[in-house]
>>> print(open('protein02.txt').read())   # compact mmCIF, C-alpha atoms
# COMPACT_ATOMS: atom_id res chain seq x y z
CA MET P 168 -39.45 42.89 -90.55
CA LYS P 169 -40.72 40.94 -87.58
CA ARG P 170 -38.39 38.59 -85.79
CA THR P 171 -38.21 34.89 -86.65
CA ILE P 172 -40.43 32.70 -84.48
CA LEU P 173 -38.37 30.84 -81.88
CA ALA P 174 -39.33 27.93 -79.68
CA ILE P 175 -40.03 29.26 -76.20
CA LEU P 176 -39.36 27.22 -73.07
CA ALA P 177 -42.10 27.09 -70.44
CA VAL P 178 -41.51 29.52 -67.56
CA THR P 179 -42.19 27.93 -64.20
CA ILE P 180 -42.38 31.07 -62.06
CA MET P 181 -45.85 31.32 -60.47
CA ILE P 182 -47.69 34.58 -59.95
CA ALA P 183 -50.71 35.50 -57.86
CA MET P 184 -53.70 36.31 -60.08
CA PRO P 185 -54.48 39.78 -59.27
CA ALA P 186 -73.23 44.02 -87.80
CA LEU P 187 -71.79 46.69 -89.66
CA ALA P 188 -69.60 46.26 -92.73
CA GLY P 189 -66.61 48.38 -93.60
CA ASN P 190 -63.38 49.57 -92.04
CA LYS P 191 -64.61 51.00 -88.77
CA ILE P 192 -62.54 53.52 -86.79
CA ASN P 193 -63.26 53.76 -83.08
CA ASP P 194 -64.37 57.01 -81.48
CA THR P 195 -61.22 58.72 -80.23
CA ASN P 196 -63.22 60.97 -77.89
CA VAL P 197 -64.38 58.16 -75.58
CA GLU P 198 -63.33 58.81 -71.99
CA PRO P 199 -61.46 55.94 -70.30
CA LEU P 200 -63.25 54.26 -67.39
CA ARG P 201 -60.52 55.27 -64.94
CA SER P 202 -58.94 58.66 -65.36
CA ASP P 203 -56.32 58.02 -62.67
CA TRP P 204 -54.77 55.18 -64.67
CA PRO P 205 -52.36 55.62 -67.59
CA CYS P 206 -53.90 52.69 -69.48
CA ASN P 207 -56.99 53.38 -71.56
CA GLN P 208 -59.89 51.24 -70.32
CA GLN P 209 -63.15 51.47 -72.26
CA GLY P 210 -64.91 48.13 -72.67
CA ASP P 211 -67.90 47.56 -74.93
CA ALA P 212 -71.57 46.69 -74.59
CA GLY P 213 -71.03 43.36 -76.37
CA LEU P 214 -68.84 41.86 -73.64
CA CYS P 215 -70.23 39.12 -71.39
CA LEU P 216 -68.57 40.64 -68.33
CA PRO P 217 -68.41 44.45 -68.26
CA LEU P 218 -64.96 45.98 -68.01
CA ASP P 219 -64.76 48.03 -64.81
CA LEU P 220 -62.36 49.09 -62.08
CA THR P 221 -62.16 45.56 -60.62
CA TRP P 222 -60.10 44.33 -63.59
CA GLU P 223 -56.29 44.36 -63.55
CA VAL P 224 -53.80 44.81 -66.37
CA VAL P 225 -52.25 41.58 -67.63
CA GLU P 226 -48.52 41.65 -66.86
CA PHE P 227 -46.67 40.45 -69.94
CA THR P 228 -43.04 39.55 -69.41
CA ASN P 229 -41.88 41.79 -72.28
CA GLY P 230 -44.33 44.59 -71.51
CA VAL P 231 -43.65 48.13 -70.37
CA ALA P 232 -45.18 48.98 -66.98
CA ASP P 233 -47.72 50.25 -66.02
CA CYS P 234 -49.85 49.16 -68.98
CA PHE P 235 -47.51 46.38 -70.15
CA GLU P 236 -47.77 47.45 -73.79
CA ASN P 237 -46.09 44.83 -75.95
CA ASP P 238 -45.90 42.88 -79.18
CA ASP P 239 -46.06 39.04 -79.17
CA GLY P 240 -45.78 38.91 -75.38
CA SER P 241 -46.91 36.27 -72.89
CA THR P 242 -47.28 36.00 -69.15
CA VAL P 243 -45.56 33.61 -66.82
CA SER P 244 -47.64 30.60 -65.80
CA VAL P 245 -50.96 31.75 -64.33
CA PRO P 246 -52.64 29.39 -61.81
CA LEU P 247 -56.34 29.05 -62.57
CA GLY P 248 -57.54 28.07 -59.12
CA PHE P 249 -59.87 25.52 -60.77
CA THR P 250 -59.66 22.70 -63.31
CA PHE P 251 -60.43 23.49 -66.94
CA ASP P 252 -61.39 20.49 -69.06
CA LEU P 253 -59.73 20.72 -72.49
CA PHE P 254 -61.07 17.75 -74.46
CA GLY P 255 -60.56 15.49 -71.47
CA SER P 256 -57.17 16.95 -70.56
CA PRO P 257 -57.37 18.69 -67.14
CA GLN P 258 -55.64 22.09 -67.03
CA THR P 259 -54.90 24.00 -63.82
CA GLU P 260 -52.70 26.80 -65.21
CA CYS P 261 -52.33 28.74 -68.44
CA TYR P 262 -50.31 31.40 -70.24
CA ILE P 263 -52.04 34.53 -71.47
CA ASN P 264 -50.69 35.53 -74.88
CA ASN P 265 -51.03 39.03 -76.29
CA ASN P 266 -51.98 37.65 -79.71
CA GLY P 267 -55.57 36.84 -78.74
CA ASN P 268 -55.28 33.42 -77.08
CA ILE P 269 -54.31 31.48 -73.98
CA SER P 270 -52.10 28.39 -74.16
CA PHE P 271 -51.37 25.44 -71.89
CA GLY P 272 -47.97 24.00 -71.06
CA ALA P 273 -45.95 26.86 -72.57
CA PRO P 274 -46.39 30.45 -73.77
CA TYR P 275 -47.07 31.01 -77.46
CA SER P 276 -45.72 34.00 -79.36
CA THR P 277 -46.67 33.00 -82.93
CA TYR P 278 -48.32 35.97 -84.61
CA SER P 279 -49.45 34.47 -87.95
CA PRO P 280 -52.45 32.27 -87.16
CA GLU P 281 -53.15 28.85 -88.62
CA GLY P 282 -56.38 26.90 -88.97
CA PHE P 283 -57.23 24.24 -86.40
CA PRO P 284 -56.37 21.47 -85.79
CA ILE P 285 -52.63 21.93 -85.40
CA SER P 286 -50.18 19.76 -83.50
CA ASP P 287 -48.64 21.06 -80.27
CA PHE P 288 -49.58 24.27 -78.48
CA PRO P 289 -53.01 23.57 -77.03
CA MET P 290 -54.87 26.86 -76.91
CA VAL P 291 -58.20 28.61 -76.56
CA ALA P 292 -58.39 31.45 -79.08
CA PRO P 293 -61.19 34.02 -79.06
CA PHE P 294 -59.24 35.84 -81.81
CA TRP P 295 -55.76 34.61 -82.71
CA GLY P 296 -54.24 37.47 -84.67
CA ASP P 297 -51.26 39.83 -84.47
CA VAL P 298 -52.32 42.09 -81.59
CA ASP P 299 -49.95 45.01 -80.95
CA THR P 300 -50.52 47.21 -77.90
CA ARG P 301 -47.31 49.25 -78.04
CA SER P 302 -49.18 52.43 -78.98
CA LEU P 303 -52.00 53.94 -76.92
CA GLU P 304 -52.89 56.54 -79.54
CA ASP P 305 -56.52 56.92 -80.66
CA ASN P 306 -57.60 55.73 -77.18
CA ALA P 307 -56.25 52.27 -77.99
CA GLY P 308 -56.19 49.92 -75.02
CA VAL P 309 -54.42 46.92 -73.55
CA VAL P 310 -55.26 43.50 -72.08
CA TRP P 311 -57.08 43.05 -68.76
CA MET P 312 -57.90 40.07 -66.53
CA LYS P 313 -60.31 39.17 -63.74
CA THR P 314 -60.99 36.01 -61.74
CA GLY P 315 -63.88 34.60 -59.78
CA PRO P 316 -64.90 31.30 -58.18
CA GLY P 317 -64.22 28.70 -60.85
CA TRP P 318 -63.51 31.11 -63.72
CA LEU P 319 -60.94 33.34 -65.43
CA ALA P 320 -61.74 36.18 -67.84
CA ILE P 321 -59.40 38.10 -70.16
CA THR P 322 -60.41 41.17 -72.19
CA TRP P 323 -58.46 42.55 -75.13
CA ASP P 324 -59.80 46.10 -74.93
CA HIS P 325 -59.65 48.27 -78.08
CA VAL P 326 -56.37 46.67 -79.14
CA GLY P 327 -54.49 47.58 -82.31
CA TYR P 328 -52.53 45.44 -84.76
CA TYR P 329 -48.93 45.10 -85.92
CA SER P 330 -47.01 47.30 -86.48
CA SER P 331 -48.28 49.70 -83.77
CA HIS P 332 -51.44 50.52 -85.77
CA THR P 333 -54.39 51.96 -83.84
CA ASP P 334 -56.57 53.24 -86.69
CA LEU P 335 -58.62 50.03 -86.40
CA GLN P 336 -59.22 48.40 -83.01
CA ASN P 337 -60.72 45.15 -81.72
CA THR P 338 -62.48 44.47 -78.41
CA PHE P 339 -63.04 40.84 -77.40
CA GLN P 340 -63.21 38.69 -74.28
CA LEU P 341 -62.48 35.12 -73.25
CA ILE P 342 -63.96 33.35 -70.24
CA ILE P 343 -62.95 29.82 -69.23
CA SER P 344 -64.39 27.97 -66.26
CA ASP P 345 -64.89 24.69 -64.45
CA GLY P 346 -68.35 24.38 -66.04
CA SER P 347 -70.26 25.02 -62.81
CA ALA P 348 -73.57 26.88 -62.67
CA ASP P 349 -72.06 29.88 -60.87
CA ALA P 350 -69.35 30.47 -63.49
CA PRO P 351 -70.18 33.01 -66.25
CA PRO P 352 -70.35 30.51 -69.17
CA GLY P 353 -73.20 28.78 -67.33
CA LEU P 354 -73.83 25.19 -66.27
CA ASN P 355 -72.18 22.58 -68.53
CA ASN P 356 -70.38 25.26 -70.59
CA ASN P 357 -66.74 26.05 -69.92
CA VAL P 358 -65.83 28.59 -72.63
CA CYS P 359 -67.32 31.91 -73.74
CA PHE P 360 -66.12 34.13 -76.59
CA CYS P 361 -67.63 37.62 -76.31
CA TYR P 362 -67.17 40.44 -78.83
CA GLY P 363 -67.54 44.16 -78.94
CA ASP P 364 -66.61 46.07 -82.07
CA MET P 365 -64.23 44.07 -84.29
CA SER P 366 -62.45 46.10 -86.96
CA TRP P 367 -59.27 44.32 -88.16
CA THR P 368 -58.03 40.80 -88.85
CA THR P 369 -54.36 40.77 -89.89
CA GLY P 370 -51.08 42.43 -88.99
CA ASP P 371 -48.47 43.67 -91.46
CA ALA P 372 -46.07 40.78 -90.78
CA SER P 373 -48.78 38.23 -91.64
CA ASP P 374 -49.13 39.64 -95.17
CA GLY P 375 -51.90 41.97 -94.07
CA GLU P 376 -52.51 45.35 -95.65
CA GLY P 377 -54.47 48.00 -93.79
CA GLY P 378 -55.53 45.41 -91.22
CA PHE P 379 -56.93 42.82 -93.66
CA GLY P 380 -55.92 39.99 -96.00
CA GLY P 381 -52.95 37.70 -95.46
CA SER P 382 -53.21 35.02 -92.78
CA PRO P 383 -56.83 34.92 -91.54
CA ALA P 384 -57.42 35.31 -87.81
CA THR P 385 -58.52 32.08 -86.13
CA VAL P 386 -61.37 31.66 -83.62
CA GLY P 387 -61.68 28.32 -81.85
CA VAL P 388 -60.09 25.77 -79.51
CA ASN P 389 -57.20 23.42 -80.23
CA LYS P 390 -56.18 20.45 -78.07
CA GLY P 391 -52.77 20.24 -79.72
CA ASP P 392 -52.93 16.58 -80.67
CA GLY P 393 -53.77 17.27 -84.31
CA ILE P 394 -57.14 15.58 -83.82
CA ASP P 395 -59.42 17.32 -81.33
CA PHE P 396 -60.41 20.90 -82.07
CA PHE P 397 -63.33 23.29 -82.14
CA ASN P 398 -63.67 25.87 -84.93
CA ILE P 399 -65.90 28.93 -85.00
CA GLY P 400 -64.22 30.31 -88.12
CA ARG P 401 -61.42 32.29 -89.74
CA PHE P 402 -61.59 35.95 -90.67
CA ASP P 403 -59.61 38.09 -93.12
CA HIS P 404 -61.82 40.90 -94.43
CA PRO P 405 -64.42 43.48 -93.36
CA GLY P 406 -68.09 42.64 -93.71
CA ALA P 407 -70.72 40.55 -91.93
CA ASP P 408 -70.66 37.50 -94.23
CA TYR P 409 -70.18 34.11 -92.56
CA ALA P 410 -68.85 31.06 -94.40
CA GLY P 411 -69.10 28.60 -91.50
CA PRO P 412 -66.37 27.01 -89.37
CA ASP P 413 -64.42 25.79 -92.41
CA GLY P 414 -64.63 28.99 -94.50
CA ILE P 415 -63.21 32.51 -94.49
CA SER P 416 -65.60 35.14 -93.13
CA GLY P 417 -65.98 38.87 -92.52
CA VAL P 418 -64.86 40.10 -89.11
CA ASP P 419 -67.97 42.24 -88.58
CA TRP P 420 -69.94 39.01 -88.23
CA LEU P 421 -68.42 38.74 -84.75
CA ASP P 422 -69.65 42.18 -83.62
CA GLY P 423 -71.72 41.89 -80.45
CA SER P 424 -71.68 38.07 -80.48
CA ASN P 425 -71.59 35.95 -77.32
CA ILE P 426 -70.60 32.37 -78.16
CA CYS P 427 -70.61 29.99 -75.18
CA PHE P 428 -69.99 26.25 -75.42
CA ALA P 429 -68.32 23.22 -73.83
CA VAL P 430 -65.04 21.55 -74.73
CA GLY P 431 -64.89 18.47 -72.58
CA GLY P 432 -63.98 14.84 -72.94
CA GLU P 433 -66.40 14.05 -75.76
CA THR P 434 -64.89 13.32 -79.16
CA ASN P 435 -67.81 14.95 -80.93
CA GLN P 436 -68.79 18.43 -79.81
CA CYS P 437 -72.47 19.37 -80.06
CA PRO P 438 -73.61 22.06 -82.52
CA VAL P 439 -73.08 25.61 -81.27
CA ALA P 440 -75.98 28.07 -81.26
CA LEU P 441 -75.16 31.47 -82.78
CA ASN P 442 -76.93 34.83 -83.06
CA PHE P 443 -79.56 34.22 -80.40
CA PRO P 444 -80.53 37.32 -78.39
CA PRO P 445 -79.39 37.81 -74.77
CA ASN P 446 -81.00 35.27 -72.44
CA ASN P 447 -82.67 33.78 -75.55
CA THR P 448 -85.52 36.26 -75.07
CA VAL P 449 -87.15 38.79 -77.40
CA VAL P 450 -89.69 41.39 -76.24
CA LEU P 451 -92.10 42.81 -78.82
CA THR P 452 -93.71 46.13 -77.98
CA GLU P 453 -96.06 48.55 -79.69
CA ASP P 454 -93.03 50.35 -81.15
CA ASN P 455 -91.51 47.12 -82.49
CA MET P 456 -94.18 44.48 -83.06
CA THR P 457 -92.42 42.41 -85.75
CA LEU P 458 -89.71 39.83 -85.10
CA GLN P 459 -87.21 39.27 -87.90
CA LEU P 460 -84.37 37.11 -86.65
CA THR P 461 -81.86 34.73 -88.21
CA VAL P 462 -80.11 32.22 -85.95
CA SER P 463 -77.70 29.45 -86.83
CA PHE P 464 -76.03 26.32 -85.53
CA ILE P 465 -72.56 25.12 -86.49
CA GLY P 466 -70.84 21.77 -86.14
CA PRO P 467 -67.38 22.88 -84.97
CA GLU P 468 -65.62 19.85 -86.44
CA SER P 469 -64.79 19.97 -90.14
CA GLY P 470 -67.04 18.39 -92.74
CA GLN P 471 -70.15 18.10 -90.61
CA THR P 472 -73.73 18.81 -91.69
CA VAL P 473 -76.14 20.23 -89.12
CA THR P 474 -79.90 19.69 -89.33
CA THR P 475 -82.29 21.89 -87.35
CA LEU P 476 -85.90 21.20 -86.35
CA VAL P 477 -88.10 24.10 -85.21
CA ASP P 478 -91.19 23.56 -83.06
CA SER P 479 -93.45 26.62 -82.71
CA ASP P 480 -96.42 24.62 -81.36
CA GLY P 481 -98.53 25.90 -84.23
CA LEU P 482 -97.95 29.57 -83.44
CA ALA P 483 -100.01 31.69 -85.86
CA ASN P 484 -98.28 34.45 -87.86
CA PHE P 485 -94.91 32.74 -87.35
CA THR P 486 -92.75 31.45 -90.19
CA ALA P 487 -89.36 29.75 -90.16
CA VAL P 488 -87.21 29.03 -93.21
CA ILE P 489 -84.56 26.40 -92.45
CA THR P 490 -81.42 25.91 -94.54
CA ASP P 491 -79.37 22.96 -93.29
CA GLY P 492 -75.61 22.65 -93.73
CA ASN P 493 -72.72 24.00 -91.72
CA PRO P 494 -74.00 26.37 -90.55
CA SER P 495 -77.65 25.41 -90.40
CA THR P 496 -79.65 28.67 -90.47
CA VAL P 497 -83.20 29.53 -89.46
CA GLU P 498 -84.78 32.74 -90.75
CA MET P 499 -87.78 33.67 -88.61
CA THR P 500 -90.60 36.18 -88.95
CA PHE P 501 -93.37 36.76 -86.42
CA THR P 502 -95.95 39.56 -86.50
CA PRO P 503 -98.45 38.88 -83.71
CA ASP P 504 -102.04 40.09 -83.71
CA GLU P 505 -104.02 41.40 -80.75
CA THR P 506 -104.94 37.88 -79.64
CA GLN P 507 -101.30 36.86 -79.15
CA ILE P 508 -100.34 39.09 -76.24
CA GLY P 509 -98.31 37.01 -73.79
CA THR P 510 -95.37 34.60 -73.87
CA HIS P 511 -94.52 32.17 -76.67
CA VAL P 512 -91.68 29.62 -76.76
CA ILE P 513 -90.01 28.38 -79.95
CA HIS P 514 -87.96 25.20 -79.55
CA PHE P 515 -84.90 24.44 -81.68
CA ALA P 516 -83.18 21.04 -81.92
CA ALA P 517 -79.97 21.08 -83.98
CA SER P 518 -78.19 17.77 -84.66
CA ASP P 519 -74.90 16.99 -86.40
CA ASP P 520 -74.26 13.91 -88.53
CA TYR P 521 -71.57 12.32 -86.37
CA ASP P 522 -72.09 8.67 -85.35
CA PRO P 523 -73.64 8.88 -82.82
CA PRO P 524 -75.00 12.39 -83.45
CA CYS P 525 -75.11 15.14 -80.86
CA THR P 526 -78.10 17.44 -80.48
CA THR P 527 -78.26 20.98 -79.09
CA ASN P 528 -81.64 22.17 -77.75
CA VAL P 529 -82.46 25.87 -77.42
CA ASP P 530 -85.70 27.58 -76.38
CA LEU P 531 -86.38 31.08 -77.71
CA THR P 532 -88.88 33.04 -75.61
CA ILE P 533 -90.94 35.71 -77.36
CA ILE P 534 -92.84 38.11 -75.11
CA VAL P 535 -95.59 40.16 -76.75
CA GLU P 536 -96.37 43.08 -74.47
CA GLN P 537 -99.80 44.64 -74.18
CA SER P 538 -99.61 48.34 -74.87
CA VAL P 539 -101.42 50.56 -72.37
CA PRO P 540 -102.67 53.71 -74.11
CA THR P 541 -102.30 56.98 -72.26
CA GLU P 542 -105.58 58.87 -72.04
CA GLN P 543 -105.44 62.58 -72.48
CA VAL P 544 -107.09 64.49 -69.62
CA PRO P 545 -108.59 67.91 -70.44
CA TRP P 546 -106.71 70.82 -68.89
CA GLY P 547 -109.85 72.04 -67.21
CA ALA P 548 -110.24 68.76 -65.35
CA LEU P 549 -106.62 68.90 -64.21
CA LYS P 550 -107.08 72.42 -62.84
CA GLY P 551 -110.09 71.23 -60.90
CA LEU P 552 -108.00 68.60 -59.09
CA TYR P 553 -105.64 71.20 -57.66
CA ARG P 554 -108.12 73.84 -56.43
>>> encode(input="protein02.txt", output="structure tokens")
Amino acid sequence: MKRTILAILAVTIMIAMPALAGNKINDTNVEPLRSDWPCNQQGDAGLCLPLDLTWEVVEFTNGVADCFENDDGSTVSVPLGFTFDLFGSPQTECYINNNGNISFGAPYSTYSPEGFPISDFPMVAPFWGDVDTRSLEDNAGVVWMKTGPGWLAITWDHVGYYSSHTDLQNTFQLIISDGSADAPPGLNNNVCFCYGDMSWTTGDASDGEGGFGGSPATVGVNKGDGIDFFNIGRFDHPGADYAGPDGISGVDWLDGSNICFAVGGETNQCPVALNFPPNNTVVLTEDNMTLQLTVSFIGPESGQTVTTLVDSDGLANFTAVITDGNPSTVEMTFTPDETQIGTHVIHFAASDDYDPPCTTNVDLTIIVEQSVPTEQVPWGALKGLYR
């Protein structure tokens, strides 16, 4: 039985900052990135910032050196070196919590997640669930951190769930920043949630069984005033289904997703674009000349309806089926003909129904490449060239 949750006083010591459904089991034959280190470090292609030798292990106060394996642990106060805007509340330090979140003002050990908004404990949660890193079996990993000018990144790398289970593992990353152009979330964004392979949702002490059920994991941002919040969703089962920010979804929906957005001083947060390809660009080649893509926009506050307009500038052979709601989805198909070699831009404008509404604009670039056939040269002609 897990211990009773206790109120934890803020520690003031400062430290220098050094879609597939089913129960997926990670490959236990993957070689760690650094063989000279006792902590498994693997990373995943879905992360915004690749995990490499420049990252350092997060030092949890209840962890066991050198990997600081722990359950429900937190760090001491970590200075950011920049100002993070949390719904108009400037933050210059945070606590990194093993259970898939960072908090402000005090560490947070609660392992059974709740839905946002909740009072007290302002946090940014790429995946608030009962992470347990006490076992490194099955190539399970730990939590890593890295800093840069105006940003902080934390990666939960192939982490298991309570109690010391490693049969299913999650890899996810959080980046917070000052919103500058040079920071990884990009200009005017100050948060990124980035996901590799996500395989579990719930620990045993949160009424989970086999990594699922019980208290759903929470993804979002909470100011802690019971009013301002930002939901991506809650997750309690395998599968790639998505029920929007207010529903319960399948954890595989997160696989490979990069979700970047802003939480600033505005009361209403603009719709968030989901499922767009990297750099909002698709390249169609001779081997793959048909685009079939579904993107969506969510209003992160509860009860909103999002409406999306799509402007293809009359692009032939392109169709878009729009279903508004929360999320608002756009199912696209494009099969170009030989006259459409080149670059095409599809513009999306997604608006919520807040008063006044907020609109998110996204441009999707489609590049149709011209295939260059390879001519076969007779062997006799080739021999003649080398006489």
>>> residues_around(input="protein02.txt", residues="stretch 357-370 of chain P", least_positions_apart="4", cutoff="7 Å", atoms="all atoms listed in the file", output="ChimeraX atom specification")
/P:190-191,211-215,293,296-297,328-330,335-346,352,375,378-384,402-404,418-419,421-430
>>> residues_around(input="protein02.txt", residues="P:Ala232", least_positions_apart="5", cutoff="12 Å", atoms="all atoms listed in the file", output="PDB file with C-alpha atoms, in the coordinates of the input")
ATOM      1  CA  TRP P 204     -54.770  55.180 -64.670  1.00  0.00           C
ATOM      2  CA  PRO P 205     -52.360  55.620 -67.590  1.00  0.00           C
ATOM      3  CA  CYS P 206     -53.900  52.690 -69.480  1.00  0.00           C
ATOM      4  CA  VAL P 224     -53.800  44.810 -66.370  1.00  0.00           C
ATOM      5  CA  VAL P 225     -52.250  41.580 -67.630  1.00  0.00           C
ATOM      6  CA  GLU P 226     -48.520  41.650 -66.860  1.00  0.00           C
ATOM      7  CA  PHE P 227     -46.670  40.450 -69.940  1.00  0.00           C
ATOM      8  CA  ASN P 237     -46.090  44.830 -75.950  1.00  0.00           C
ATOM      9  CA  ARG P 301     -47.310  49.250 -78.040  1.00  0.00           C
ATOM     10  CA  VAL P 309     -54.420  46.920 -73.550  1.00  0.00           C
TER      11      VAL P 309
END
>>> atom_distance(input="protein02.txt", atom1="atom CA of P:Thr250", atom2="atom CA of P:Gly317")
7.9 Å
>>> atom_distance(input="protein02.txt", atom1="atom CA of P:Val512", atom2="atom CA of P:Thr527")
16.1 Å
>>> closest_residue(input="protein02.txt", among="P:Asp238, P:Asp478, P:Glu260, P:Asp324", to="P:Asp299", atoms="only C-alpha atoms")
P:Asp238
>>> atom_distance(input="protein02.txt", atom1="atom CA of P:Ile534", atom2="atom CA of P:Phe443")
14.8 Å
>>> closest_residue(input="protein02.txt", among="P:Pro444, P:Gly470, P:Gly432, P:Pro494", to="P:Asp530", atoms="all atoms listed in the file")
P:Pro444
>>> residues_around(input="protein02.txt", residues="P:Asn435", least_positions_apart="4", cutoff="9 Å", atoms="only C-alpha atoms", output="PyMOL selection string")
chain P and resi 395+467-468+521-525
>>> residues_near_point(input="protein02.txt", point="(-85.8, 21.1, -85.1)", cutoff="8 Å", atoms="all atoms listed in the file", output="VMD selection string")
chain P and resid 474 to 478 514 to 517
>>> closest_residue(input="protein02.txt", among="P:Thr510, P:Thr532, P:Asn484, P:Thr496", to="P:Pro445", atoms="all atoms listed in the file")
P:Thr532
>>> residues_around(input="protein02.txt", residues="P:Thr259", least_positions_apart="5", cutoff="9 Å", atoms="all atoms listed in the file", output="ChimeraX atom specification")
/P:245-251,271
>>> residues_around(input="protein02.txt", residues="P:Gly393", least_positions_apart="2", cutoff="7 Å", atoms="all atoms listed in the file", output="list in words")
Pro284, Ile285, Ser286, Gly391 and Asp395 of chain P
